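The block underneath contains the structure these notes are about, expressed in structure tokens.
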Amino acid sequence: PLFRSVNVKENTRSGATLTTLMATDDDAGSNAKVAYSIASGNVGGKFKIDSSTGDVILEGSLDFETLTDYDLTVLAVDGGKPAQTGVTTLNVAVLDVNDNSPIFTQAVYVGSVSAFAPNGSVIASVRARDADSGSNGRISYSIASGNSKGLFSVDSVSGEVSTTAVVGDLSSAYSIGITASDSGSPQNRGQCLLSISVYKDNANVLDFNLNPYTAVIAENVSVNSTAVSVLATTQSGPIAVSYSISKSSGKIPFRVAPNSGRIIVRRPLDRETIDSYSFVVVATSGGQVSQTAQTNVKITVTDVNDDEPTFSQPKYSLSIPEATPPGTSIVAVAATDRDLGSNGRFSYRLVGGANGYFSLDTALGNVMTAAILNSSHVSNFSLIIEAKDEGTPPLVSTTTVNVVIAVQGNTKPAFATSLYTFIVRENVRSGSLIGSVVAHDRDPGAYGTVTYKIISGDSSNSFVIDSNSGAVRTTKDLDYETVSQYSLKIEAVDAGRPRKSAMTKVSIIVTDVNDNLPVFAGTPYSVTISDQLPLGSSVLQVSASDADSGTNGDVTFSITKGDTKNRFHINDNTGVITLAGSLDSTLQNVYLLTVEASDGGAPRKSSTTIVSATVVQPGKLKPVFDQSVYSVTVKENSALGARVAKVNARESSGSGAPSVIRYSLADSTYFSVDSNTGIVTVARQLDRETTDKFSITVIATDQRKPPQSSTATLDVAVGDVNDNQPVFSNQVYTASIREDNRVGLSVAQVQATDSDVGTNGRVTYSIVQGNVDNTFAIDSNTGLISTVIEMDRELTPKYVLRVAAVDQGSPSLRAVTTLTVTVLDVNDNAPVFAQPIYSAEVPEDAAIGASLLTTTATDDDVGSNAVVTYSIRSDEEIPLLIGTTTGLIVSAGVLSGGQYKFKVVATDQGKPALNSSSDVVINVNTVNKHAPIFETALYEATIHSSTSVGSVVLTVSANDDDAGLNGRVRYFIGESENETESVPFSVSQTSGEVKLERELANGESYHFAVTAVDSGIVLLSATAQVSITVNDAEAISGDQSKSGGLSIGLIVGVSIGAVVLILLVVIVVVVAKKKAYAFKWRQDTDDVPTSVTFTPEEDNIAFTNPMYESTGFGSGLGTRVTKNNPLYESPLGEDPSPGKQNPIYCSTDDVLDRIQAELDDSLAKGFEDLDAAAAESN
């Protein structure tokens, strides 16, 4: 066996011959015939061999990456018997081609890098594989996209991605496209995506300390002031930073100091224009990598009182009737203040010009009449109104209200004449002035202002009147032939309340001009005549009319063409054509004559018609009608048998002996004709609204043999009679209008039709009922209804108008419809309180939630405009609440004695909302909790019988711990205020002095009660007893010993107090030896706290201030140390310096010694005083 090999590329196509194997056999014949086959090694059946030729053929596709070579065992068998076999091995080596692209292990790789990482920092590694071998599988890496800034690179062999520069930009993220390319030919590639995020290296990242920065500054802050400072730094420490304001912040009145970050005011601020600013400050660092950071800054501008109240108008002007009742609101001035809070809160004040006739609502600015006005006394006022805000200092502005007192209109307008006559040519241009009407009203001012309008007589709307001047003008071309005269009714209306009016008539005469041509009747004309007709015989009569009048309407006739041989003659006045020359039908059998009709105007107007004359021999003549067309008009209400027309036919001229002519109608059920006379009559009831015209063929037949006939046309126009009344499109109309709509606004339009024609069908409209105060006007021609005065829903919420439509027939017919106009409410009424001021008395111990007072306001509007809510307006917090819908004021906290003054505001729910206010005063009465207490239960006195009347014997005194009236004490003799005792003494109700009212004798004595009563609502009282004895001897002794007795009492009291004090000090010292105490001292002068520590282990007490007061000892006792106290003396001999806190040191023994010395001195002096008093009494 032989070993053979063949190289085959893996992309060789199936069916290709790879090689040919050939075996030789030395035999001959069939013994030498060889057949080939593959015995083994054909993995996957990839190959086959041609059994006769030995061609090895590829049967499928090869893949180097799956199997690189095949060892095929091939047999060669001859044809002998027995067959001989040869064996060989064919090695098929599969050669690689570049049929695989590199494939990355991941489609997307993710990496991150610090914004400040140095050059060469590794971010990530990418890896790809290629199934090919050799150079086909050798891969190199490169960056394909996303690296426009050149910040990254990739190692072509390892796939390691690293930085080529410092990234720096924190706001960015990068998507890098990386390509893996093999080294085959052609080259194959694969791609992946590397997503790189940039993160902060916090130690080096520039950032602001705050975000946002906020500041509040006053709008009057001076330019170049610092509003706030910003600071940007890194965690590793401060770096050089430059600050700027982002351009996106727009134009703002601030700048930033580039080095310090101070936000500086660069131009004046105005809160009323802009009350806050938000902008962005950017910090930029230097260094190798420039960083930026940004923060938001919000600066709020606070208000200062720099805007005065501004009135909506610098001057108000109005006129009011002199009969305006007091309390009527005539105008509301309005001001605004752009400031905030109390700076923008203001009130109105009437500062001049009122003279007692006007008042002003200080909160709302409503100016009201305060007295009856009389124009004969004062005809005008100039009120000066001030608006003053509550800022510090307050700002003020003023406005002027000019009020004219008008005489109330009471006269009506008067026209100069009751009939005006205007003459106008019919060819006057539209818009031409044809005349003016004038009416005067003697009322002054606006009440005497007159307006004009056309009431009737102009159904064709041919005229218009200027409502102010009374000038009458045409609105369209006039036509004398249609209407030659108009009779208008014009109304003049004044502006009084109620309005008054006057009427006049205007007759407009339209004069004729030659504007119409003559019009032939029955044109064209035709006639048949005999050629034997005698000269002078009548042939035909033409007729024409001219709608103009006078000579303009006079018509004359002439033959202008078709009669070259003068065979015919026409009468220029009558239009009768006669034969003027002989005729011969054999020479000319037809004549076409042009007849002209001319009027008498200047210049003349004319028209023509054709007359066709047919000439025949006598035996061929037919009856001839006078007219080929008859035109008549018959009223639609004509009775049956009424004559309509008379037709007439005659024998043709020259027909010989006359023959009887009979008449008939070709087709008509509504008419019949008398066969003998040719009179046409009504045969059936007519109705123009059903059929308004008929065209009837009339036949005239002679009685010759054979009979001859001819026809004519009878056109019957059915004339209208006023047999139909107008019909409204709706039986009932509805409309609505806001009460604040302007005068002249269209409200609704009614429409009626009339089946009649002409004046019978011309409809005019009028309001016949329900037009209260003449509020509405209706256009008589169009039915358009509009307002003529201002409306007030609160006076008249609805109008029910009866509107009539009347035709112009005679007699006229009418129809009536109803228009209901609902006046829609607008919020034109503010709530009105039932009282201008509310007040209530309440006790100070009223429970929380207790009802104190109910305020009530009503609003004349309706719906939400009339829904009233209540609120309290007060400059200070008060412990009160109000029910928003009830107006009930209740306590919301503890009430303090005194008075609460505030306003209750009633606001409706309209848009815009209106409000009014009422003053409320709540007087809080303190509760009478305490009864008076006398200083003693028994007052005693001994008086001399010579004591003069009116002398004060003694004084009683009682105290009451209540405040105000509850603590005011009055005194009465007796057990109560109403039960006085009959004693010769009186007591002052206020001072308690008991006075003698009459002389007394020695030995008399009196015992009575004195009552002290407070002045609370609920009186509380106390009683003390008084005993007065008249004893001349005791009275004298008492006088002599008075002073001694007092001294003894004082000494005894002092002595007892001293003993008690010694005992207390001893207790303090004993306790102090066992325990430390902390003292808190208060400085007398400036309340600077001073601490003192006293311990048994230390002999000294340190005082940090020479002026203090103890607030407590451990034993509960207190000692006041003052500058006069010996404790002020320093044991060290140091004098405290004035105004300084000098330490003073003293031992505890010093304290006790000094206290003991003080007590000894006090006791010694007390006993000396006691001895002196005893000696004096002896």
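Identifiers for the structure tokens are assigned positionally: chains receive A, B, ... in sequence, residues are indexed from 1 per chain, and ligands are indexed from 1 in the order shown.
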Inset, instruction - Would you mind writing down, as number ranges by chain, each residue of range 750-903 of chain A that DSSP on the backbone assigns to strand (DSSP E or B)? - result: A: 752-753, 763-769, 776-778, 784-787, 798-807, 814-824, 832-833, 837-843, 851-854, 857-858, 868-873, 880-882, 888-891, 898-903
Restricting the output to C-alpha atoms, write the selected residues as a PDB file, in the first residue's frame.
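Output contents, as saved in part.pdb:
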```
ATOM      1  CA  ALA A 752     -92.296  87.385  13.222  1.00  0.00           C
ATOM      2  CA  THR A 753     -93.287  86.628   9.636  1.00  0.00           C
ATOM      3  CA  VAL A 763     -93.966  93.865  10.291  1.00  0.00           C
ATOM      4  CA  THR A 764     -92.965  96.390  12.935  1.00  0.00           C
ATOM      5  CA  TYR A 765     -92.267  95.582  16.568  1.00  0.00           C
ATOM      6  CA  SER A 766     -93.003  97.346  19.832  1.00  0.00           C
ATOM      7  CA  ILE A 767     -92.874  96.575  23.550  1.00  0.00           C
ATOM      8  CA  VAL A 768     -96.416  96.899  24.843  1.00  0.00           C
ATOM      9  CA  GLN A 769     -96.101  95.747  28.433  1.00  0.00           C
ATOM     10  CA  PHE A 776     -85.420  98.301  27.031  1.00  0.00           C
ATOM     11  CA  ALA A 777     -85.839  99.596  23.510  1.00  0.00           C
ATOM     12  CA  ILE A 778     -86.778  97.557  20.487  1.00  0.00           C
ATOM     13  CA  LEU A 784     -83.669  93.561  18.179  1.00  0.00           C
ATOM     14  CA  ILE A 785     -84.140  94.408  21.864  1.00  0.00           C
ATOM     15  CA  SER A 786     -81.396  96.262  23.716  1.00  0.00           C
ATOM     16  CA  THR A 787     -80.905  98.038  27.026  1.00  0.00           C
ATOM     17  CA  LYS A 798     -86.642  89.809  36.065  1.00  0.00           C
ATOM     18  CA  TYR A 799     -88.557  91.513  33.282  1.00  0.00           C
ATOM     19  CA  VAL A 800     -91.519  89.959  31.505  1.00  0.00           C
ATOM     20  CA  LEU A 801     -91.972  91.898  28.288  1.00  0.00           C
ATOM     21  CA  ARG A 802     -94.961  91.628  26.009  1.00  0.00           C
ATOM     22  CA  VAL A 803     -93.812  92.322  22.473  1.00  0.00           C
ATOM     23  CA  ALA A 804     -96.237  93.025  19.647  1.00  0.00           C
ATOM     24  CA  ALA A 805     -95.638  92.477  15.938  1.00  0.00           C
ATOM     25  CA  VAL A 806     -97.983  94.631  13.818  1.00  0.00           C
ATOM     26  CA  ASP A 807     -98.262  94.557  10.037  1.00  0.00           C
ATOM     27  CA  ARG A 814    -100.983  91.955  15.191  1.00  0.00           C
ATOM     28  CA  ALA A 815     -99.527  89.132  17.232  1.00  0.00           C
ATOM     29  CA  VAL A 816     -98.030  89.199  20.729  1.00  0.00           C
ATOM     30  CA  THR A 817     -95.266  87.140  22.277  1.00  0.00           C
ATOM     31  CA  THR A 818     -93.576  87.107  25.680  1.00  0.00           C
ATOM     32  CA  LEU A 819     -89.904  87.721  26.324  1.00  0.00           C
ATOM     33  CA  THR A 820     -88.674  86.910  29.826  1.00  0.00           C
ATOM     34  CA  VAL A 821     -85.371  88.625  30.596  1.00  0.00           C
ATOM     35  CA  THR A 822     -83.552  87.338  33.660  1.00  0.00           C
ATOM     36  CA  VAL A 823     -81.035  89.745  35.118  1.00  0.00           C
ATOM     37  CA  LEU A 824     -77.970  87.798  36.179  1.00  0.00           C
ATOM     38  CA  VAL A 832     -73.836  95.070  55.007  1.00  0.00           C
ATOM     39  CA  PHE A 833     -73.726  94.605  58.756  1.00  0.00           C
ATOM     40  CA  ILE A 837     -70.650  98.790  65.941  1.00  0.00           C
ATOM     41  CA  TYR A 838     -71.158  95.694  68.082  1.00  0.00           C
ATOM     42  CA  SER A 839     -70.310  95.574  71.765  1.00  0.00           C
ATOM     43  CA  ALA A 840     -70.605  93.061  74.568  1.00  0.00           C
ATOM     44  CA  GLU A 841     -69.729  92.716  78.236  1.00  0.00           C
ATOM     45  CA  VAL A 842     -68.214  89.385  79.196  1.00  0.00           C
ATOM     46  CA  PRO A 843     -66.657  88.059  82.382  1.00  0.00           C
ATOM     47  CA  SER A 851     -70.541  82.413  72.959  1.00  0.00           C
ATOM     48  CA  LEU A 852     -69.865  86.109  73.391  1.00  0.00           C
ATOM     49  CA  LEU A 853     -71.586  87.941  70.542  1.00  0.00           C
ATOM     50  CA  THR A 854     -73.201  87.314  67.166  1.00  0.00           C
ATOM     51  CA  ALA A 857     -74.286  90.814  57.696  1.00  0.00           C
ATOM     52  CA  THR A 858     -76.489  90.442  54.647  1.00  0.00           C
ATOM     53  CA  VAL A 868     -71.140  85.660  53.507  1.00  0.00           C
ATOM     54  CA  THR A 869     -68.192  84.439  55.537  1.00  0.00           C
ATOM     55  CA  TYR A 870     -66.839  86.163  58.593  1.00  0.00           C
ATOM     56  CA  SER A 871     -63.320  86.757  59.829  1.00  0.00           C
ATOM     57  CA  ILE A 872     -61.642  88.773  62.529  1.00  0.00           C
ATOM     58  CA  ARG A 873     -59.163  91.496  61.617  1.00  0.00           C
ATOM     59  CA  LEU A 880     -61.287  85.017  70.130  1.00  0.00           C
ATOM     60  CA  LEU A 881     -62.641  83.038  67.201  1.00  0.00           C
ATOM     61  CA  ILE A 882     -65.536  83.694  64.866  1.00  0.00           C
ATOM     62  CA  LEU A 888     -70.723  83.968  66.237  1.00  0.00           C
ATOM     63  CA  ILE A 889     -67.760  85.197  68.257  1.00  0.00           C
ATOM     64  CA  VAL A 890     -66.542  82.754  70.898  1.00  0.00           C
ATOM     65  CA  SER A 891     -63.690  82.749  73.374  1.00  0.00           C
ATOM     66  CA  GLY A 898     -59.834  95.100  79.867  1.00  0.00           C
ATOM     67  CA  GLN A 899     -61.086  95.601  76.360  1.00  0.00           C
ATOM     68  CA  TYR A 900     -60.672  93.972  72.964  1.00  0.00           C
ATOM     69  CA  LYS A 901     -61.210  96.203  69.963  1.00  0.00           C
ATOM     70  CA  PHE A 902     -61.174  94.667  66.520  1.00  0.00           C
ATOM     71  CA  LYS A 903     -63.055  94.479  63.270  1.00  0.00           C
TER      72      LYS A 903
END
```
Legend entry - range 120-129 of chain A environment, 9 Å, only C-alpha atoms, sequence neighbours closer than 5 positions dropped, as a ChimeraX atom specification: /A:101-106,109-113,137-139,141,152-154,158-165,178,180,190,192,194,196
Go ahead and write the residues just picked, C-alpha atoms, as a PDB file, in the first residue's frame.
```pdb
ATOM      1  CA  SER A 101     -14.350  36.837  13.404  1.00  0.00           C
ATOM      2  CA  PRO A 102     -12.930  37.682  16.810  1.00  0.00           C
ATOM      3  CA  ILE A 103     -15.585  37.395  19.559  1.00  0.00           C
ATOM      4  CA  PHE A 104     -15.331  39.344  22.821  1.00  0.00           C
ATOM      5  CA  THR A 105     -16.014  37.502  26.038  1.00  0.00           C
ATOM      6  CA  GLN A 106     -18.528  40.253  26.920  1.00  0.00           C
ATOM      7  CA  TYR A 109     -17.568  45.922  29.742  1.00  0.00           C
ATOM      8  CA  VAL A 110     -17.946  48.310  32.646  1.00  0.00           C
ATOM      9  CA  GLY A 111     -15.154  50.313  34.208  1.00  0.00           C
ATOM     10  CA  SER A 112     -14.689  53.385  36.357  1.00  0.00           C
ATOM     11  CA  VAL A 113     -11.986  55.909  36.921  1.00  0.00           C
ATOM     12  CA  GLY A 137      -6.540  33.842  14.845  1.00  0.00           C
ATOM     13  CA  ARG A 138      -4.002  36.428  15.965  1.00  0.00           C
ATOM     14  CA  ILE A 139      -5.915  39.413  17.515  1.00  0.00           C
ATOM     15  CA  TYR A 141      -7.115  45.660  19.862  1.00  0.00           C
ATOM     16  CA  PHE A 152      -8.090  56.666  26.790  1.00  0.00           C
ATOM     17  CA  SER A 153      -5.923  54.058  25.067  1.00  0.00           C
ATOM     18  CA  VAL A 154      -6.006  50.262  24.720  1.00  0.00           C
ATOM     19  CA  SER A 158      -3.394  42.608  26.062  1.00  0.00           C
ATOM     20  CA  GLY A 159      -6.622  44.624  25.666  1.00  0.00           C
ATOM     21  CA  GLU A 160      -5.847  46.653  28.765  1.00  0.00           C
ATOM     22  CA  VAL A 161      -7.605  50.071  28.711  1.00  0.00           C
ATOM     23  CA  SER A 162      -5.927  52.951  30.533  1.00  0.00           C
ATOM     24  CA  THR A 163      -6.012  56.729  30.736  1.00  0.00           C
ATOM     25  CA  THR A 164      -3.826  58.968  28.637  1.00  0.00           C
ATOM     26  CA  ALA A 165      -4.711  62.135  30.580  1.00  0.00           C
ATOM     27  CA  ILE A 178     -13.223  48.784  21.042  1.00  0.00           C
ATOM     28  CA  ALA A 180     -10.646  43.301  17.948  1.00  0.00           C
ATOM     29  CA  GLY A 190     -15.404  42.077  16.367  1.00  0.00           C
ATOM     30  CA  CYS A 192     -17.507  45.536  22.232  1.00  0.00           C
ATOM     31  CA  LEU A 194     -16.688  49.763  27.377  1.00  0.00           C
ATOM     32  CA  ILE A 196     -16.620  54.211  31.812  1.00  0.00           C
TER      33      ILE A 196
END
```
Legend entry - Backbone DSSP call of helix (DSSP H, G or I) for range 924-1009 of chain A, listed as a list in words: Gly964, Leu965, Asn966 and Gly967 of chain A
As a compact mmCIF listing (two decimals) with N, CA and C atoms, in the first residue's frame, please: the residues near Thr411 in chain A (cut-off 7 Å, only C-alpha atoms, same-chain neighbours under 3 positions excluded).
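Below is the file that was written, around-v6.txt:
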```txt
# COMPACT_ATOMS: atom_id res chain seq x y z
N ASP A 441 -84.12 120.51 26.76
CA ASP A 441 -84.57 120.11 28.09
C ASP A 441 -83.96 121.10 29.08
N ARG A 442 -84.79 121.71 29.90
CA ARG A 442 -84.33 122.76 30.80
C ARG A 442 -83.60 122.22 32.03
N ASP A 443 -83.60 120.90 32.23
CA ASP A 443 -82.89 120.36 33.38
C ASP A 443 -81.39 120.59 33.22
```
Legend entry - Top pick for closest residue to Asn119 in chain A, considering A:Val401, A:Leu151, A:Gly581, A:Ala544 and counting only C-alpha atoms: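 That would be A:Leu151, the residue with the smallest distance to Asn119 in chain A.
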Inset, instruction - Rank nothing, just name the residue among A:Val921, A:Val108, A:Ile176, A:Leu533 nearest to Ser142 in chain A, using only C-alpha atoms. - result: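 Of all the options, A:Ile176 lies closest to Ser142 in chain A.
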Legend entry - Residue nearest Gly341 in chain A among A:Asn91, A:Lys9, A:Thr474, A:Asp875 (counting only C-alpha atoms):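 The shortest atom-to-atom distance to Gly341 in chain A comes from A:Asp875.
Taking CA of Ser507 in chain A and CA of Tyr486 in chain A as the two end points, the separation is 5.7 Å.
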Legend entry - range 420-436 of chain A environment, 10 Å, only C-alpha atoms, sequence neighbours closer than 2 positions dropped, as a ChimeraX atom specification: /A:415-418,438,462-466,469-481,483-488,504-515
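Computed from the coordinates, the CA of Leu72 in chain A to CA of Leu21 in chain A distance equals 11.8 Å.
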Considering only C-alpha atoms, return as an mmCIF file with all heavy atoms, in the first residue's frame whatever protein or nucleic-acid residues lie within 6 Å of Ala1024 in chain A, sequence-local ones (same chain, fewer than 5 positions apart) excluded.
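Writing done, so here's result.cif:
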```cif
data_model
loop_
_atom_site.group_PDB
_atom_site.id
_atom_site.type_symbol
_atom_site.label_atom_id
_atom_site.label_comp_id
_atom_site.auth_asym_id
_atom_site.auth_seq_id
_atom_site.Cartn_x
_atom_site.Cartn_y
_atom_site.Cartn_z
ATOM 1 N N ALA A 937 -61.438 93.697 113.388
ATOM 2 C CA ALA A 937 -62.877 93.446 113.505
ATOM 3 C C ALA A 937 -63.567 94.481 114.390
ATOM 4 O O ALA A 937 -64.785 94.658 114.306
ATOM 5 C CB ALA A 937 -63.114 92.045 114.070
ATOM 6 N N LEU A 938 -62.793 95.164 115.259
ATOM 7 C CA LEU A 938 -63.380 96.138 116.191
ATOM 8 C C LEU A 938 -62.543 97.394 116.183
ATOM 9 O O LEU A 938 -61.327 97.362 116.379
ATOM 10 C CB LEU A 938 -63.428 95.564 117.615
ATOM 11 C CG LEU A 938 -63.900 96.522 118.709
ATOM 12 C CD1 LEU A 938 -65.338 96.973 118.450
ATOM 13 C CD2 LEU A 938 -63.781 95.862 120.092
ATOM 14 N N ALA A 1009 -72.283 99.010 113.560
ATOM 15 C CA ALA A 1009 -71.543 98.262 112.532
ATOM 16 C C ALA A 1009 -71.210 99.179 111.343
ATOM 17 O O ALA A 1009 -71.999 100.062 110.999
ATOM 18 C CB ALA A 1009 -72.359 97.076 112.031
ATOM 19 N N VAL A 1010 -70.065 98.944 110.748
ATOM 20 C CA VAL A 1010 -69.682 99.597 109.482
ATOM 21 C C VAL A 1010 -69.470 98.484 108.437
ATOM 22 O O VAL A 1010 -68.749 97.522 108.702
ATOM 23 C CB VAL A 1010 -68.401 100.432 109.645
ATOM 24 C CG1 VAL A 1010 -67.985 100.978 108.274
ATOM 25 C CG2 VAL A 1010 -68.620 101.559 110.622
#
```
Inset, instruction - Pick out the residues sitting within 8 Å of Ile299 in chain A, and hand them over as number ranges by chain; count only C-alpha atoms, and ignore anything fewer than 6 positions along from it in its own chain. - result: A: 214-217, 227, 276-278
Just write the chosen residues, C-alpha atoms, as a compact mmCIF listing (two decimals), in the first residue's frame.
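Saved file result_18.txt follows:
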```txt
# COMPACT_ATOMS: atom_id res chain seq x y z
CA THR A 214 -29.84 81.49 51.61
CA ALA A 215 -29.88 85.07 52.76
CA VAL A 216 -32.50 87.59 53.78
CA ILE A 217 -31.79 91.28 53.15
CA ALA A 227 -25.64 89.73 51.09
CA SER A 276 -36.53 86.99 45.70
CA TYR A 277 -33.63 85.97 43.52
CA SER A 278 -32.34 82.50 42.76
```
Legend entry - From A:Glu390, A:Glu322, A:Val265, A:Phe381, residue lying nearest Asp339 in chain A [only C-alpha atoms]: A:Glu390
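One finds CA of Thr856 in chain A at 11.6 Å from CA of Ser916 in chain A.
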Legend entry - Nearest-residue call for Leu686 in chain A, choices A:Thr362, A:Pro707, A:Gly641, A:Ser631, using only C-alpha atoms: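 The answer is A:Gly641, which sits nearest to Leu686 in chain A.
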Inset, instruction - Determine the nearest neighbour of Val632 in chain A from the options A:Val351, A:Ala717, A:Ala834, A:Ile699, counting only C-alpha atoms. - result: A:Ala717
